[in-house]
Structure formats: structure tokens, C-alpha cells
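See structure below.
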Amino acid sequence: MLLMMLIKRYNMQFGMTFSSEAVSTEESRTKVAKLMQETLAGKRGPITDEDIANS
């Protein structure tokens with residue numbers, strides 16, 4: 001549920017900047033949630049597939 005809310009808020013601000021395959025596993029969804037929180041807090045820029053793979 002939290003991830004869906006983060007995705008909605010992130011998408012409204014930045015659009016989708018990474019592919020849906022990037023959130024295909026539980027591990028990657030956890031990474032994406034953390035990166036989205038950082039982005040929405042202004043600590044980093046929009047997320048890319050590369051960011052997810054390298055985090």
C-alpha cells in the first residue's frame with residue numbers, strides 16, 4: 001500500500017522515469033521505495049533503471 005502511494009505521488013511530480021521491470025522483485029521494490037522517499041524529500045533527483053540496479 002505504501003509503495004502504491006509513493007508511486008502515485010512520484011509519478012505526479014516526475015512522471016515515470018524508470019521501467020516497470022525495475023520493480024519486478026521484492027528486493028527491487030524495496031530499493032525503489034527507498035529511492036522514491038529520498039527523491040520526494042529532495043535528497044536526490046528522479047530515479048532511473050540504473051539507479052535501481054546500482055543501489
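Chain lettering (A, B, ...) mirrors the order of the C-alpha cells, residue numbering begins at 1 for each chain separately, and ligand numbering begins at 1 in order of display.
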
Just the residues within 7 Å of region 21-38 of chain A, please, counting only C-alpha atoms, with nothing from its chain fewer than 5 positions along; format it as a ChimeraX atom specification. /A:3,6,10,43-44,47,49,52,55

DSSP on the backbone, then: every residue of chain A marked alpha helix (DSSP H), written as number ranges by chain. A: 2-14, 26-40, 49-54

Just to confirm, what's the straight-line distance from CA of Gly45 (chain A) to CA of Met1 (chain A) in Å (one decimal)?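 One can read the CA of Gly45 (chain A) to CA of Met1 (chain A) distance as 23.3 Å.
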
One decimal place gives the CA of Gly42 (chain A)-CA of Asn54 (chain A) separation as 19.6 Å
